[in-house]
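All remarks here apply to the structure that follows.
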Amino acid sequence: MSESATRLPIAITRVTESNIGKVDFNNIQFGKVFSDHQLIIDYRNGTWTDARILPYGEVPMSMAISAIHYGQAIFEGMKAQKGPDGKPLLFRPTDNLKRLNVSAARMCMPELPEDYFMDALTELVKTDSNWIPTAEGSGLYIRPFMFGTDAFIGVKPSETYRFSIFTCPVNAYYLQPLKVKVATQYSRAFKGGVGFAKCAGNYGSQMLATREAQAQGYMQVLWTDAEEHKYIEETGTTNVFVRIGNKVVTPNLDGTILAGITRDSVIQLLKSWGVTVEERPVAIAEIVDGIENGTVTEVFATGTAATLVPIVVINYNDKDYTLNGHETWEYSNKLGKTLTDIKTGKAEDPFGWVVKI
Ligand SMILES: *Cc1c(COP(=O)(O)O)cnc(C)c1O
């Protein structure tokens, strides 16, 4: 680390005894096991200050903080893997920071400088690098987040904030291919809203619809545009792609969907293989008709937690449309394997996505 004014010193307080021996790495529930340390940086008087790594655990806070009452809360999701030489590998980390700052701007929160983010992330992952699992499909899930901390219940942007990161060793997010239900009643996002931000409210607001879909046997809602429920957008936590003939289509970034880093990586990979990718409005009618007439042969979801998951059932207006043979889907399987191999350092990284720390 170079000495410069753009660097924030990070004070490190280590655990006296690691918890790692208590973890059964073969049976981890996603997001329920936490590594030994967490990182905190506070924002006050207009600057980020007091960066520290401390044992993971509870941190006392006022019950009046604005994040709880008015939702100034944003987050990111990333993963670290262990490379063949045992060193931690991060995947496109500065893209997560850029998106965090896009979310921050929309929620009227301060941006975090790239050096602070990268130093904090690197230091925390190094501190807990023995928590990075190496079994197939596993990884160290990293959760950076920021929230307003003013103890003040007037509705206005907080003047103080906390940025924090903790990490969780995880196995695969979805163990099964996905069955989704198309939203025809509820909406997740709308033009001019916050659909493109990874802000906490976007997740709370979809829980009822998701629970209702789950009660009917589907795992996720496939969201549609709020005006007409005619064009697909994304699921609650993943972007969505559809193979039609030999080309691939995915909804364009119009402000209502999250600009997934996995989405962008999939688009770049497909294009590098000579596959035509169209980013444009994708009507649900085009998908279900295509499934019925055989032109739609692969539908899949992408995201950091899940990487790439086939969607095998799409329920639309109470009718199930089923896609068969996902084990041999050409694009999905090649994309999933290539992404995993690049992230774990097993394959070449022609795009310069992987950062070794
Ligand atoms: C996080 C997220 C994604 C996936 O983004 P990645 O950068 O690929 O992890 C897609 N949609 C929503 C709504 C998300 O929250």
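Chain labels run A, B, ... following the order of the structure tokens; each chain numbers its residues from 1, and ligands are numbered from 1 in the order shown.
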
query: Residues at most 6 Å from ligand 1, using only C-alpha atoms and all ligand atoms? Could they come as number ranges by chain?
result: A: 77, 198, 236-239, 258, 260-263, 302-304

message: Just want the 7 Å neighbourhood of region 103-111 of chain A, counted on only C-alpha atoms, with same-chain residues fewer than 3 positions away dropped. Output as number ranges by chain.
response: A: 72, 74, 99-100, 157, 197-199

- request: Assign secondary structure with DSSP using the backbone only, and return the residues of region 23-267 of chain A in strand (DSSP E or B) as a PyMOL selection string.
  value: chain A and resi 37-44+47-55+65+73-75+78-82+88-91+139-148+151+161-170+178-182+199+220-222+224+231-232+239-244+247-250

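Counting only C-alpha atoms, region 185-189 of chain A has the following residues at most 8 Å away, ignoring those fewer than 4 positions along the same chain: Gly193, Val194, Gly195, Asn202, Ser205, Gln206, Ala209, Trp223, Thr224, Asp225, Ala226, His229, Thr256 and Ile257 of chain A.
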
Can you write out the residues you just picked, keeping N, CA and C atoms, as a compact mmCIF listing (two decimals), in the first residue's frame?
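Output below, filename selection02.txt:
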# COMPACT_ATOMS: atom_id res chain seq x y z
N GLY A 193 -37.94 5.61 -10.64
CA GLY A 193 -37.80 5.09 -9.28
C GLY A 193 -36.37 4.66 -8.98
N VAL A 194 -36.24 3.64 -8.13
CA VAL A 194 -34.91 3.25 -7.64
C VAL A 194 -34.52 1.82 -8.04
N GLY A 195 -35.17 1.29 -9.08
CA GLY A 195 -34.91 -0.10 -9.48
C GLY A 195 -33.46 -0.39 -9.78
N ASN A 202 -35.81 -2.02 -1.99
CA ASN A 202 -36.18 -2.84 -3.15
C ASN A 202 -36.40 -4.29 -2.78
N SER A 205 -39.74 -4.67 -0.35
CA SER A 205 -40.99 -4.46 -1.07
C SER A 205 -41.38 -5.66 -1.93
N GLN A 206 -40.46 -6.58 -2.19
CA GLN A 206 -40.85 -7.74 -3.01
C GLN A 206 -41.15 -8.99 -2.19
N ALA A 209 -44.82 -10.60 -2.50
CA ALA A 209 -45.05 -11.25 -3.80
C ALA A 209 -44.26 -12.55 -3.90
N TRP A 223 -40.08 -10.39 -12.38
CA TRP A 223 -40.73 -9.08 -12.41
C TRP A 223 -40.94 -8.59 -13.83
N THR A 224 -41.98 -7.77 -13.99
CA THR A 224 -42.29 -7.20 -15.29
C THR A 224 -42.42 -5.69 -15.15
N ASP A 225 -42.52 -4.99 -16.26
CA ASP A 225 -42.64 -3.53 -16.18
C ASP A 225 -43.91 -3.14 -15.43
N ALA A 226 -43.83 -2.05 -14.68
CA ALA A 226 -44.93 -1.67 -13.79
C ALA A 226 -46.14 -1.12 -14.54
N HIS A 229 -47.12 -4.74 -17.25
CA HIS A 229 -46.77 -6.14 -16.93
C HIS A 229 -46.60 -6.96 -18.21
N THR A 256 -34.91 0.58 -14.41
CA THR A 256 -35.77 -0.21 -13.53
C THR A 256 -35.13 -1.53 -13.12
N ILE A 257 -33.99 -1.88 -13.71
CA ILE A 257 -33.32 -3.12 -13.30
C ILE A 257 -31.90 -2.84 -12.85

- request: Extract, using only C-alpha atoms, all DNA, RNA and protein residues at most 6 Å from region 57-69 of chain A, discarding same-chain residues fewer than 5 positions from it, and format them as a PyMOL selection string.
  value: chain A and resi 147-152

Write out as a short mmCIF file (atom, residue, chain, number, x, y, z; two decimals) with all heavy atoms, in the first residue's frame the residues lying within 12 Å of Leu270 (chain A), counting only C-alpha atoms and excluding same-chain residues fewer than 3 positions away.
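Done, and the output landed in result.cif:
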data_model
loop_
_atom_site.label_atom_id
_atom_site.label_comp_id
_atom_site.auth_asym_id
_atom_site.auth_seq_id
_atom_site.Cartn_x
_atom_site.Cartn_y
_atom_site.Cartn_z
N PHE A 241 -31.70 -13.88 -18.81
CA PHE A 241 -31.35 -14.00 -20.23
C PHE A 241 -32.23 -15.06 -20.89
O PHE A 241 -32.60 -16.04 -20.26
CB PHE A 241 -29.89 -14.44 -20.38
CG PHE A 241 -28.89 -13.37 -20.02
CD1 PHE A 241 -28.56 -13.13 -18.69
CD2 PHE A 241 -28.27 -12.62 -21.01
CE1 PHE A 241 -27.62 -12.15 -18.36
CE2 PHE A 241 -27.33 -11.64 -20.68
CZ PHE A 241 -27.01 -11.40 -19.35
N ARG A 243 -32.41 -17.39 -24.57
CA ARG A 243 -31.86 -17.77 -25.88
C ARG A 243 -33.00 -18.00 -26.85
O ARG A 243 -33.88 -18.83 -26.59
CB ARG A 243 -31.00 -19.03 -25.76
CG ARG A 243 -30.50 -19.50 -27.12
CD ARG A 243 -29.61 -20.71 -27.02
NE ARG A 243 -29.18 -21.14 -28.35
CZ ARG A 243 -28.34 -22.13 -28.60
NH1 ARG A 243 -27.83 -22.82 -27.58
NH2 ARG A 243 -28.01 -22.46 -29.83
N ASN A 246 -30.28 -18.79 -32.19
CA ASN A 246 -28.87 -18.76 -31.78
C ASN A 246 -28.47 -17.45 -31.12
O ASN A 246 -27.32 -17.25 -30.78
CB ASN A 246 -27.97 -19.03 -32.98
CG ASN A 246 -27.95 -20.52 -33.30
OD1 ASN A 246 -28.13 -21.35 -32.40
ND2 ASN A 246 -27.79 -20.84 -34.57
N LYS A 247 -29.42 -16.53 -30.97
CA LYS A 247 -29.06 -15.26 -30.30
C LYS A 247 -29.60 -15.26 -28.86
O LYS A 247 -30.40 -16.11 -28.48
CB LYS A 247 -29.59 -14.08 -31.10
CG LYS A 247 -31.08 -13.92 -31.04
CD LYS A 247 -31.55 -12.74 -31.89
CE LYS A 247 -33.07 -12.62 -31.71
NZ LYS A 247 -33.71 -11.80 -32.72
N VAL A 248 -29.10 -14.29 -28.11
CA VAL A 248 -29.48 -14.18 -26.70
C VAL A 248 -30.04 -12.79 -26.46
O VAL A 248 -29.45 -11.80 -26.92
CB VAL A 248 -28.27 -14.46 -25.78
CG1 VAL A 248 -28.61 -14.18 -24.33
CG2 VAL A 248 -27.82 -15.92 -25.93
N VAL A 249 -31.17 -12.72 -25.78
CA VAL A 249 -31.75 -11.41 -25.47
C VAL A 249 -31.84 -11.23 -23.96
O VAL A 249 -31.97 -12.20 -23.21
CB VAL A 249 -33.16 -11.23 -26.11
CG1 VAL A 249 -33.10 -11.38 -27.61
CG2 VAL A 249 -34.17 -12.21 -25.51
N ARG A 263 -24.32 -10.06 -15.25
CA ARG A 263 -25.00 -9.77 -16.51
C ARG A 263 -24.01 -9.24 -17.54
O ARG A 263 -23.94 -9.72 -18.66
CB ARG A 263 -26.12 -8.74 -16.24
CG ARG A 263 -26.84 -8.22 -17.49
CD ARG A 263 -27.77 -7.05 -17.10
NE ARG A 263 -28.49 -6.54 -18.27
CZ ARG A 263 -27.97 -5.68 -19.14
NH1 ARG A 263 -26.74 -5.22 -19.00
NH2 ARG A 263 -28.70 -5.28 -20.17
N ASP A 264 -23.25 -8.23 -17.12
CA ASP A 264 -22.30 -7.62 -18.04
C ASP A 264 -21.22 -8.63 -18.48
O ASP A 264 -20.82 -8.65 -19.65
CB ASP A 264 -21.64 -6.40 -17.39
CG ASP A 264 -20.70 -5.69 -18.34
OD1 ASP A 264 -21.20 -5.07 -19.28
OD2 ASP A 264 -19.47 -5.80 -18.17
N SER A 265 -20.79 -9.47 -17.54
CA SER A 265 -19.76 -10.47 -17.87
C SER A 265 -20.30 -11.48 -18.88
O SER A 265 -19.59 -11.89 -19.81
CB SER A 265 -19.30 -11.19 -16.60
OG SER A 265 -18.91 -10.26 -15.62
N VAL A 266 -21.56 -11.89 -18.69
CA VAL A 266 -22.20 -12.85 -19.60
C VAL A 266 -22.30 -12.25 -21.00
O VAL A 266 -22.00 -12.90 -22.01
CB VAL A 266 -23.59 -13.26 -19.05
CG1 VAL A 266 -24.47 -13.86 -20.13
CG2 VAL A 266 -23.42 -14.24 -17.88
N ILE A 267 -22.69 -10.97 -21.07
CA ILE A 267 -22.81 -10.32 -22.37
C ILE A 267 -21.45 -10.28 -23.07
O ILE A 267 -21.32 -10.61 -24.25
CB ILE A 267 -23.40 -8.89 -22.22
CG1 ILE A 267 -24.86 -8.97 -21.75
CG2 ILE A 267 -23.29 -8.11 -23.52
CD1 ILE A 267 -25.47 -7.64 -21.35
N TRP A 273 -17.60 -14.92 -28.05
CA TRP A 273 -17.76 -16.20 -28.73
C TRP A 273 -18.49 -16.04 -30.07
O TRP A 273 -18.84 -17.02 -30.73
CB TRP A 273 -18.56 -17.18 -27.86
CG TRP A 273 -17.89 -17.53 -26.56
CD1 TRP A 273 -16.56 -17.44 -26.27
CD2 TRP A 273 -18.52 -18.00 -25.37
NE1 TRP A 273 -16.33 -17.81 -24.97
CE2 TRP A 273 -17.52 -18.18 -24.39
CE3 TRP A 273 -19.84 -18.30 -25.01
CZ2 TRP A 273 -17.77 -18.63 -23.10
CZ3 TRP A 273 -20.12 -18.75 -23.74
CH2 TRP A 273 -19.09 -18.91 -22.79
N GLY A 274 -18.82 -14.79 -30.43
CA GLY A 274 -19.49 -14.54 -31.69
C GLY A 274 -21.01 -14.68 -31.63
O GLY A 274 -21.68 -14.71 -32.66
N VAL A 275 -21.56 -14.76 -30.41
CA VAL A 275 -23.01 -14.88 -30.27
C VAL A 275 -23.63 -13.47 -30.26
O VAL A 275 -23.12 -12.57 -29.61
CB VAL A 275 -23.38 -15.60 -28.95
CG1 VAL A 275 -24.89 -15.64 -28.74
CG2 VAL A 275 -22.79 -17.01 -28.93
N THR A 276 -24.72 -13.31 -31.00
CA THR A 276 -25.42 -12.03 -31.00
C THR A 276 -26.18 -11.85 -29.70
O THR A 276 -26.94 -12.73 -29.29
CB THR A 276 -26.42 -11.98 -32.19
OG1 THR A 276 -25.69 -12.20 -33.39
CG2 THR A 276 -27.14 -10.65 -32.25
N VAL A 277 -25.97 -10.71 -29.03
CA VAL A 277 -26.70 -10.41 -27.80
C VAL A 277 -27.50 -9.13 -28.03
O VAL A 277 -26.94 -8.13 -28.49
CB VAL A 277 -25.73 -10.19 -26.61
CG1 VAL A 277 -26.53 -9.94 -25.33
CG2 VAL A 277 -24.82 -11.40 -26.42
N GLU A 278 -28.77 -9.19 -27.74
CA GLU A 278 -29.62 -8.00 -27.87
C GLU A 278 -30.06 -7.54 -26.49
O GLU A 278 -30.68 -8.31 -25.76
CB GLU A 278 -30.85 -8.31 -28.73
CG GLU A 278 -30.51 -8.58 -30.18
CD GLU A 278 -31.73 -9.06 -31.00
OE1 GLU A 278 -32.83 -9.12 -30.43
OE2 GLU A 278 -31.54 -9.36 -32.18
N GLU A 330 -26.52 -25.49 -24.14
CA GLU A 330 -25.18 -25.14 -24.62
C GLU A 330 -24.63 -23.85 -24.00
O GLU A 330 -23.58 -23.85 -23.38
CB GLU A 330 -25.26 -25.02 -26.15
CG GLU A 330 -23.94 -24.75 -26.83
CD GLU A 330 -24.14 -24.36 -28.30
OE1 GLU A 330 -25.30 -24.39 -28.79
OE2 GLU A 330 -23.14 -24.01 -28.94
N TYR A 331 -25.37 -22.75 -24.18
CA TYR A 331 -24.83 -21.46 -23.72
C TYR A 331 -24.75 -21.42 -22.19
O TYR A 331 -23.74 -21.00 -21.62
CB TYR A 331 -25.70 -20.30 -24.20
CG TYR A 331 -25.72 -20.07 -25.70
CD1 TYR A 331 -26.60 -19.15 -26.26
CD2 TYR A 331 -24.85 -20.74 -26.55
CE1 TYR A 331 -26.63 -18.90 -27.62
CE2 TYR A 331 -24.88 -20.51 -27.92
CZ TYR A 331 -25.78 -19.59 -28.45
OH TYR A 331 -25.81 -19.35 -29.81
N SER A 332 -25.82 -21.83 -21.51
CA SER A 332 -25.85 -21.71 -20.04
C SER A 332 -24.71 -22.47 -19.40
O SER A 332 -24.03 -21.96 -18.50
CB SER A 332 -27.16 -22.25 -19.47
OG SER A 332 -28.23 -21.94 -20.28
N LYS A 334 -21.89 -23.56 -20.74
CA LYS A 334 -20.57 -23.02 -21.09
C LYS A 334 -20.30 -21.72 -20.33
O LYS A 334 -19.20 -21.49 -19.83
CB LYS A 334 -20.50 -22.80 -22.61
CG LYS A 334 -19.10 -22.50 -23.11
CD LYS A 334 -19.05 -22.42 -24.64
CE LYS A 334 -17.69 -21.90 -25.09
NZ LYS A 334 -17.67 -21.52 -26.51
N LEU A 335 -21.33 -20.89 -20.22
CA LEU A 335 -21.17 -19.62 -19.49
C LEU A 335 -20.89 -19.86 -18.01
O LEU A 335 -19.99 -19.25 -17.42
CB LEU A 335 -22.44 -18.75 -19.63
CG LEU A 335 -22.64 -18.06 -20.96
CD1 LEU A 335 -24.09 -17.58 -21.10
CD2 LEU A 335 -21.68 -16.88 -21.12
N GLY A 336 -21.67 -20.74 -17.40
CA GLY A 336 -21.50 -21.02 -15.97
C GLY A 336 -20.11 -21.55 -15.68
O GLY A 336 -19.43 -21.10 -14.75
N THR A 338 -17.36 -21.29 -17.62
CA THR A 338 -16.31 -20.32 -17.93
C THR A 338 -16.20 -19.27 -16.83
O THR A 338 -15.10 -18.93 -16.38
CB THR A 338 -16.61 -19.64 -19.28
OG1 THR A 338 -16.79 -20.66 -20.27
CG2 THR A 338 -15.48 -18.72 -19.70
N LEU A 339 -17.35 -18.77 -16.38
CA LEU A 339 -17.32 -17.76 -15.32
C LEU A 339 -16.67 -18.31 -14.05
O LEU A 339 -15.83 -17.66 -13.44
CB LEU A 339 -18.75 -17.29 -14.99
CG LEU A 339 -19.31 -16.17 -15.87
CD1 LEU A 339 -20.78 -15.95 -15.54
CD2 LEU A 339 -18.53 -14.87 -15.67
#

- request: Excluding Leu124 (chain A) and any residue of its chain fewer than 5 positions from it, enumerate the residues within 9 Å of it, using only C-alpha atoms, and give them as JSON, numbers by chain.
  value: {"A": [37, 38, 39, 53, 119, 129, 165, 166, 167]}

message: At a cut-off of 8 Å, using only C-alpha atoms, what residues contact Leu8 (chain A)? Leave out same-chain residues fewer than 4 positions from it and give the result as number ranges by chain.
response: A: 49, 51, 116

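Between Ser35 (chain A) and the residues A:Val182, A:Ile10, A:Leu269, A:Val15, the shortest atom-to-atom distance, using only C-alpha atoms, involves A:Val15.
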